[in-house]
Amino acid sequence: MTKLTRSTNPAPIFPEKVLQFGTGVLLRGLPDYLIQKANAEGRFEGSIVVVKSTDSQTNEFSDQDNLYTVAVRGVQQGQEVVENTIVSAISRVLAAQTQWSDVLKLARNPKLQIIISNTTEVGLNYVEESIFQNPPQSFPAKLTSFLYERFRSVGGSKAKGLIVIPTELVTDNGLKLRDAVEQLAKFNELGKLFTKWLKFHVRFCNSLVDRIVTRPTDEAKQTLEQEVGYEDDLLTFTEPYHLWAIEGDDRVKQTLTFADGSTPQVIIDEDINFYKERKLRVLNGSHTLTMPLGYLLGLETVADEMTHPTMSKFIESLMLNEIVPTVPDYGIPGMDKAAISQFAHDVLDRFRNPYLDHLLLNISLQETAKMQARNVATIQRYYEQFNAVPKLTALGFAAYLLFMKVVREEKGQFFGEIAVKGGQLTYPIKDDKAGYFYGDWKTVKTNSPATVQAFVKSVLSDVTLWQTDLTALPGFSEAVAADLNALLTAGVEKTLEKAVS
């Protein structure tokens with residue numbers, strides 16, 4: 001079968017207007033997909049240069065001339081949706097490790113307008129380092145280096161400012177990234193003129209992305225390749241639903257021409273907090289609280305969770321009864337409690353989408369940072385409203401602690417272990433706090449509730465993890481400890497059944 005390339009599928013080449021840090025499926029399935037649609041309709045006519053920071057291998061893109069297919073599958077408004085779109089909006093993929101000079105060269109391109117990123121939650125954190133490394137290590141340092149090169153090349157021109165849109169699932173992601181860049185500018189002594197240009201001519205936009213995007217299974221990939229008639233190693237599966245909310249003014253609207261009246265899925269507004277909170281708490285928060293239980297049950301995907309009778313009941317009850325009531329509403333149509341409830345029911349339908357293989361292990365990346373960013377405020381708000389322990393949340397938290405039980409370390413990689421039919425399954429724990437838990441779990445004895453309670457109290461009281469002391473919430477530490485003890489002694493299935501009965 002022929003591989004997808006520009007020779008077999010010719011596509012126009014547009015000026016490079018967008019720099020994108022990240023090659024992941026979320027970026028390919030939402031921003032890049034939307035830009036492709038706008039290019040096809042003549043509304044943007046720009047291409048994307050992608051920077052890959054994880055390693056220096058870009059063959060998967062270059063072998064296909066940077067083309068890939070987005071396969072949309074699912075049900076929307078009662079209608080089945082089946083759509084295949086070849087995305088040709090990416091012009092180049094550069095490896096930061098080996099092609100940093102080429103990345104900086106792009107800063108001198110006068111047609112460049114927009115920078116997009118998607119790193120993990122911890123990827124926006126400030127790291128004190130020189131921006132003159134080749135390349136800098138952290139993403140904020142790479143961005144600062146690029147912006148400084150831009151400033152030098154345009155002489156501080158207002159007309160050559162940029163719009164920066166991080167899409168990481170962090171509250172106020174634009175402000176957080178701007179703060180890191182400003183700190184790096186100060187540390188690297190980049191001067192007052194650069195700081196002034198940065199302040200007035202580089203717009204950092206808070207943004208929210210909402211679309212479930214996955215890599216297909218081998219079977220689904222083969223089926224689709226037979227359908228379209230070509231091989232595609234970058235094949236991306238996604239759902240019909242998508243939303244990109246961007247906090248911006250008229251300048252942002254004028255620049256982002258891929259977002260206009262014909263694309264209601266892209267919202268540009270000076271206040272997007274409602275959309276951020278709704279999605280962060282209901283969809284992402286549910287994922288983070290339910291992933292550990294599902295994986296410890298031996299399930300592999302979100303769809304598996306939704307077909308498991310007990311697990312699906314847990315997810316639905318947690319979302320509708322403990323998360324939805326805590327999400328702030330604006331009291332106006334479209335931004336009220338009814339809109340939040342409707343969104344939650346839509347999310348449950350999206351979780352049930354049989355076409356998407358949303359792997360639970362993928363959701364587990366940086367689980368600790370996600371738990372803090374997505375669920376701590378929800379727990380606090382629940383106490384404010386009901387003055388009671390959110391019982392299902394406590395169980396989800398206990399399962400997270402069990403998921404973080406590191407049983408061994410190999411060359412800096414940490415691994416957990418669960419019992420499955422036929423033996424033990426080892427899984428990677430890709431979390432910056434894995435080493436922390438490796439040490440703390442050694443104090444726990446399975447048949448000793450006192451050691452479990454001491455462990456839970458130690459973790460929940462750690463302000464460096466949660467930015468608050470969770471043991472100050474009456475009964476929460478005790479409930480989590482009781483659930484963790486039950487998970488260790490009675491098992492996951494029995495503990496879950498008791499919780500939802």
# chains A, B, ... in the order shown; residues from 1 in each chain; ligands from 1

call {"tool": "residues_around", "arguments": {"residues": "Asn39 (chain A)", "least_positions_apart": "6", "cutoff": "9 Å", "atoms": "only C-alpha atoms", "output": "PyMOL selection string"}}
result
chain A and resi 14+45-47+89+258

call {"tool": "closest_atom_pairs", "arguments": {"of": "region 273-305 of chain A", "to": "region 208-221 of chain A", "cutoff": "12 Å", "atoms": "only C-alpha atoms", "output": "CSV"}}
result
residue,atom,partner,partner_atom,distance
A:Asn273,CA,A:Leu208,CA,9.2
A:Phe274,CA,A:Leu208,CA,10.4
A:Tyr275,CA,A:Leu208,CA,7.5
A:Lys276,CA,A:Leu208,CA,5.9
A:Glu277,CA,A:Leu208,CA,9.5
A:Arg278,CA,A:Leu208,CA,10.4
A:Lys279,CA,A:Asp210,CA,7.2
A:Leu280,CA,A:Leu208,CA,8.8
A:Val282,CA,A:Asp210,CA,11.4
A:Leu283,CA,A:Asp210,CA,8.9
A:Asn284,CA,A:Asp210,CA,9.5
A:His287,CA,A:Ile212,CA,11.4
A:Glu300,CA,A:Thr217,CA,11.9
A:Thr301,CA,A:Thr214,CA,10.7
A:Val302,CA,A:Ile212,CA,10.7
A:Ala303,CA,A:Ile212,CA,11.9

call {"tool": "write_last_selection", "arguments": {"atoms": "all heavy atoms", "output": "CSV table (one decimal), in the first residue's frame"}}
result
chain,number,residue,atom,x,y,z
A,273,ASN,N,-13.2,32.1,31.6
A,273,ASN,CA,-13.1,31.3,32.8
A,273,ASN,C,-14.2,30.3,33.0
A,273,ASN,O,-14.0,29.2,33.5
A,273,ASN,CB,-13.2,32.3,34.0
A,273,ASN,CG,-11.8,32.9,34.3
A,273,ASN,OD1,-10.8,32.2,34.2
A,273,ASN,ND2,-11.8,34.2,34.6
A,274,PHE,N,-15.4,30.6,32.5
A,274,PHE,CA,-16.5,29.7,32.6
A,274,PHE,C,-16.2,28.4,31.9
A,274,PHE,O,-16.4,27.3,32.4
A,274,PHE,CB,-17.8,30.3,32.1
A,274,PHE,CG,-19.0,29.3,32.0
A,274,PHE,CD1,-19.7,28.9,33.1
A,274,PHE,CD2,-19.3,28.6,30.8
A,274,PHE,CE1,-20.7,28.0,33.1
A,274,PHE,CE2,-20.3,27.7,30.7
A,274,PHE,CZ,-21.0,27.4,31.9
A,275,TYR,N,-15.7,28.5,30.6
A,275,TYR,CA,-15.4,27.3,29.8
A,275,TYR,C,-14.2,26.6,30.4
A,275,TYR,O,-14.2,25.3,30.4
A,275,TYR,CB,-15.1,27.8,28.4
A,275,TYR,CG,-16.2,28.6,27.7
A,275,TYR,CD1,-16.1,30.0,27.6
A,275,TYR,CD2,-17.3,28.0,27.2
A,275,TYR,CE1,-17.1,30.7,27.1
A,275,TYR,CE2,-18.3,28.7,26.7
A,275,TYR,CZ,-18.2,30.1,26.6
A,275,TYR,OH,-19.2,30.8,26.0
A,276,LYS,N,-13.2,27.3,31.0
A,276,LYS,CA,-12.1,26.7,31.6
A,276,LYS,C,-12.5,25.8,32.8
A,276,LYS,O,-12.1,24.7,32.9
A,276,LYS,CB,-11.0,27.7,32.0
A,276,LYS,CG,-10.3,28.3,30.8
A,276,LYS,CD,-9.1,29.1,31.3
A,276,LYS,CE,-9.4,30.3,32.2
A,276,LYS,NZ,-8.2,31.0,32.6
A,277,GLU,N,-13.2,26.5,33.7
A,277,GLU,CA,-13.6,25.8,34.9
A,277,GLU,C,-14.5,24.6,34.6
A,277,GLU,O,-14.3,23.5,35.2
A,277,GLU,CB,-14.3,26.7,35.8
A,277,GLU,CG,-13.4,27.6,36.6
A,277,GLU,CD,-12.6,26.8,37.7
A,277,GLU,OE1,-13.2,26.1,38.5
A,277,GLU,OE2,-11.4,26.9,37.6
A,278,ARG,N,-15.4,24.7,33.7
A,278,ARG,CA,-16.4,23.7,33.4
A,278,ARG,C,-15.6,22.4,32.9
A,278,ARG,O,-15.8,21.3,33.3
A,278,ARG,CB,-17.4,24.2,32.3
A,278,ARG,CG,-18.5,23.2,32.0
A,278,ARG,CD,-19.4,23.7,31.0
A,278,ARG,NE,-18.8,23.9,29.7
A,278,ARG,CZ,-19.4,24.3,28.6
A,278,ARG,NH1,-20.8,24.5,28.6
A,278,ARG,NH2,-18.8,24.4,27.4
A,279,LYS,N,-14.7,22.7,31.9
A,279,LYS,CA,-14.0,21.6,31.3
A,279,LYS,C,-12.9,21.0,32.3
A,279,LYS,O,-12.8,19.8,32.4
A,279,LYS,CB,-13.3,22.0,30.0
A,279,LYS,CG,-12.8,20.9,29.2
A,279,LYS,CD,-11.3,20.8,29.2
A,279,LYS,CE,-10.8,19.7,28.3
A,279,LYS,NZ,-9.4,19.6,28.2
A,280,LEU,N,-12.2,21.9,33.0
A,280,LEU,CA,-11.1,21.4,33.8
A,280,LEU,C,-11.7,20.5,35.0
A,280,LEU,O,-11.1,19.5,35.3
A,280,LEU,CB,-10.4,22.6,34.4
A,280,LEU,CG,-9.2,22.3,35.3
A,280,LEU,CD1,-8.0,21.8,34.5
A,280,LEU,CD2,-8.7,23.6,36.0
A,282,VAL,N,-15.0,19.2,35.2
A,282,VAL,CA,-15.9,18.1,34.9
A,282,VAL,C,-15.2,17.0,34.1
A,282,VAL,O,-15.3,15.8,34.4
A,282,VAL,CB,-17.2,18.6,34.1
A,282,VAL,CG1,-18.1,17.5,33.7
A,282,VAL,CG2,-17.9,19.6,35.0
A,283,LEU,N,-14.6,17.4,33.0
A,283,LEU,CA,-14.0,16.4,32.1
A,283,LEU,C,-12.6,15.9,32.6
A,283,LEU,O,-12.4,14.7,32.9
A,283,LEU,CB,-13.9,16.9,30.7
A,283,LEU,CG,-13.5,15.9,29.6
A,283,LEU,CD1,-14.1,16.3,28.3
A,283,LEU,CD2,-12.0,15.7,29.5
A,284,ASN,N,-11.7,16.9,32.8
A,284,ASN,CA,-10.4,16.5,33.2
A,284,ASN,C,-10.3,16.0,34.6
A,284,ASN,O,-9.6,15.0,34.9
A,284,ASN,CB,-9.4,17.7,33.0
A,284,ASN,CG,-9.4,18.2,31.6
A,284,ASN,OD1,-9.8,19.3,31.3
A,284,ASN,ND2,-9.0,17.3,30.6
A,287,HIS,N,-11.5,12.4,34.7
A,287,HIS,CA,-10.4,11.6,34.2
A,287,HIS,C,-9.4,11.3,35.3
A,287,HIS,O,-9.0,10.1,35.5
A,287,HIS,CB,-9.7,12.2,33.0
A,287,HIS,CG,-10.3,11.9,31.7
A,287,HIS,ND1,-10.9,10.7,31.4
A,287,HIS,CD2,-10.3,12.6,30.5
A,287,HIS,CE1,-11.3,10.7,30.2
A,287,HIS,NE2,-11.0,11.8,29.6
A,300,GLU,N,-8.3,-0.9,30.3
A,300,GLU,CA,-7.2,-0.3,29.5
A,300,GLU,C,-7.6,1.1,29.0
A,300,GLU,O,-6.8,2.0,28.8
A,300,GLU,CB,-6.8,-1.1,28.3
A,300,GLU,CG,-6.1,-2.4,28.6
A,300,GLU,CD,-5.7,-3.2,27.4
A,300,GLU,OE1,-5.0,-2.6,26.6
A,300,GLU,OE2,-6.0,-4.4,27.3
A,301,THR,N,-8.9,1.3,28.7
A,301,THR,CA,-9.3,2.6,28.0
A,301,THR,C,-10.5,3.2,28.8
A,301,THR,O,-11.2,2.5,29.6
A,301,THR,CB,-9.8,2.3,26.6
A,301,THR,OG1,-11.0,1.6,26.5
A,301,THR,CG2,-8.7,1.6,25.8
A,302,VAL,N,-10.8,4.4,28.4
A,302,VAL,CA,-12.0,5.1,29.0
A,302,VAL,C,-13.3,4.4,28.6
A,302,VAL,O,-14.2,4.2,29.4
A,302,VAL,CB,-12.0,6.6,28.6
A,302,VAL,CG1,-13.3,7.3,29.0
A,302,VAL,CG2,-10.8,7.3,29.1
A,303,ALA,N,-13.3,4.0,27.3
A,303,ALA,CA,-14.5,3.2,26.8
A,303,ALA,C,-14.7,1.9,27.6
A,303,ALA,O,-15.8,1.5,27.9
A,303,ALA,CB,-14.3,2.9,25.3

call {"tool": "atom_distance", "arguments": {"atom1": "CA of Lys430 (chain A)", "atom2": "CA of Ile131 (chain A)"}}
result
26.8 Å

call {"tool": "closest_residue", "arguments": {"among": "A:Ala245, A:Leu177, A:Val202, A:Leu299", "to": "Val420 (chain A)", "atoms": "only C-alpha atoms"}}
result
A:Leu299

call {"tool": "closest_residue", "arguments": {"among": "A:Ser364, A:Thr393, A:Asn485, A:Ser145", "to": "Val103 (chain A)", "atoms": "only C-alpha atoms"}}
result
A:Ser145

call {"tool": "select_by_dssp", "arguments": {"residues": "region 67-160 of chain A", "states": "strand (DSSP E or B)", "output": "list in words"}}
result
Tyr68, Thr69, Val70, Ala71, Val72, Arg73, Gly74, Val75, Gln76, Gln79, Glu80, Val81, Val82, Glu83, Asn84, Thr85, Ile86, Val87, Ile90, Ser91, Arg92, Val93, Leu94, Ala95, Ile114, Ile115, Ile116 and Ser117 of chain A

call {"tool": "write_last_selection", "arguments": {"atoms": "C-alpha atoms", "output": "short mmCIF file (atom, residue, chain, number, x, y, z; two decimals), in the first residue's frame"}}
result
data_model
loop_
_atom_site.label_atom_id
_atom_site.label_comp_id
_atom_site.auth_asym_id
_atom_site.auth_seq_id
_atom_site.Cartn_x
_atom_site.Cartn_y
_atom_site.Cartn_z
CA TYR A 68 -1.41 13.02 8.30
CA THR A 69 -5.06 12.05 8.55
CA VAL A 70 -7.55 13.08 11.21
CA ALA A 71 -10.34 10.51 11.40
CA VAL A 72 -13.42 11.87 13.16
CA ARG A 73 -15.73 9.17 14.53
CA GLY A 74 -18.67 9.32 16.89
CA VAL A 75 -22.24 10.50 17.37
CA GLN A 76 -23.26 14.16 17.41
CA GLN A 79 -26.22 11.47 13.98
CA GLU A 80 -23.24 9.23 13.29
CA VAL A 81 -20.21 11.22 12.14
CA VAL A 82 -17.59 9.67 9.85
CA GLU A 83 -15.05 12.12 8.39
CA ASN A 84 -11.46 11.77 7.15
CA THR A 85 -9.36 14.92 6.69
CA ILE A 86 -5.81 14.98 5.35
CA VAL A 87 -3.99 17.73 7.24
CA ILE A 90 2.46 21.50 8.77
CA SER A 91 5.37 22.66 6.61
CA ARG A 92 8.31 21.45 8.70
CA VAL A 93 9.11 19.58 11.90
CA LEU A 94 12.36 20.67 13.59
CA ALA A 95 14.15 18.81 16.37
CA ILE A 114 1.35 32.97 16.31
CA ILE A 115 3.04 30.58 18.74
CA ILE A 116 1.14 27.55 20.06
CA SER A 117 2.31 25.05 22.67
#

call {"tool": "closest_residue", "arguments": {"among": "A:Ile48, A:Leu169, A:Leu104, A:Val444", "to": "Ala373 (chain A)", "atoms": "only C-alpha atoms"}}
result
A:Leu169

call {"tool": "closest_residue", "arguments": {"among": "A:Phe139, A:Tyr230, A:Trp197, A:Phe351", "to": "Ala96 (chain A)", "atoms": "only C-alpha atoms"}}
result
A:Phe139

call {"tool": "residues_around", "arguments": {"residues": "Phe386 (chain A)", "least_positions_apart": "6", "cutoff": "10 Å", "atoms": "only C-alpha atoms", "output": "ChimeraX atom specification"}}
result
/A:322,325-326

call {"tool": "write_last_selection", "arguments": {"atoms": "all heavy atoms", "output": "short mmCIF file (atom, residue, chain, number, x, y, z; two decimals), in the first residue's frame"}}
result
data_model
loop_
_atom_site.label_atom_id
_atom_site.label_comp_id
_atom_site.auth_asym_id
_atom_site.auth_seq_id
_atom_site.Cartn_x
_atom_site.Cartn_y
_atom_site.Cartn_z
N GLU A 322 -20.77 14.99 42.77
CA GLU A 322 -19.71 15.59 43.58
C GLU A 322 -18.92 16.66 42.84
O GLU A 322 -18.30 17.52 43.49
CB GLU A 322 -18.77 14.50 44.10
CG GLU A 322 -19.46 13.55 45.09
CD GLU A 322 -18.50 12.59 45.77
OE1 GLU A 322 -17.27 12.71 45.56
OE2 GLU A 322 -18.98 11.70 46.49
N PRO A 325 -21.96 20.01 41.05
CA PRO A 325 -22.50 21.03 41.96
C PRO A 325 -21.47 22.08 42.40
O PRO A 325 -21.85 23.16 42.87
CB PRO A 325 -22.97 20.21 43.17
CG PRO A 325 -23.19 18.83 42.64
CD PRO A 325 -22.13 18.65 41.60
N THR A 326 -20.19 21.79 42.24
CA THR A 326 -19.16 22.71 42.72
C THR A 326 -18.64 23.67 41.65
O THR A 326 -17.89 24.60 41.97
CB THR A 326 -17.95 21.92 43.27
OG1 THR A 326 -17.25 21.30 42.17
CG2 THR A 326 -18.38 20.87 44.26
#
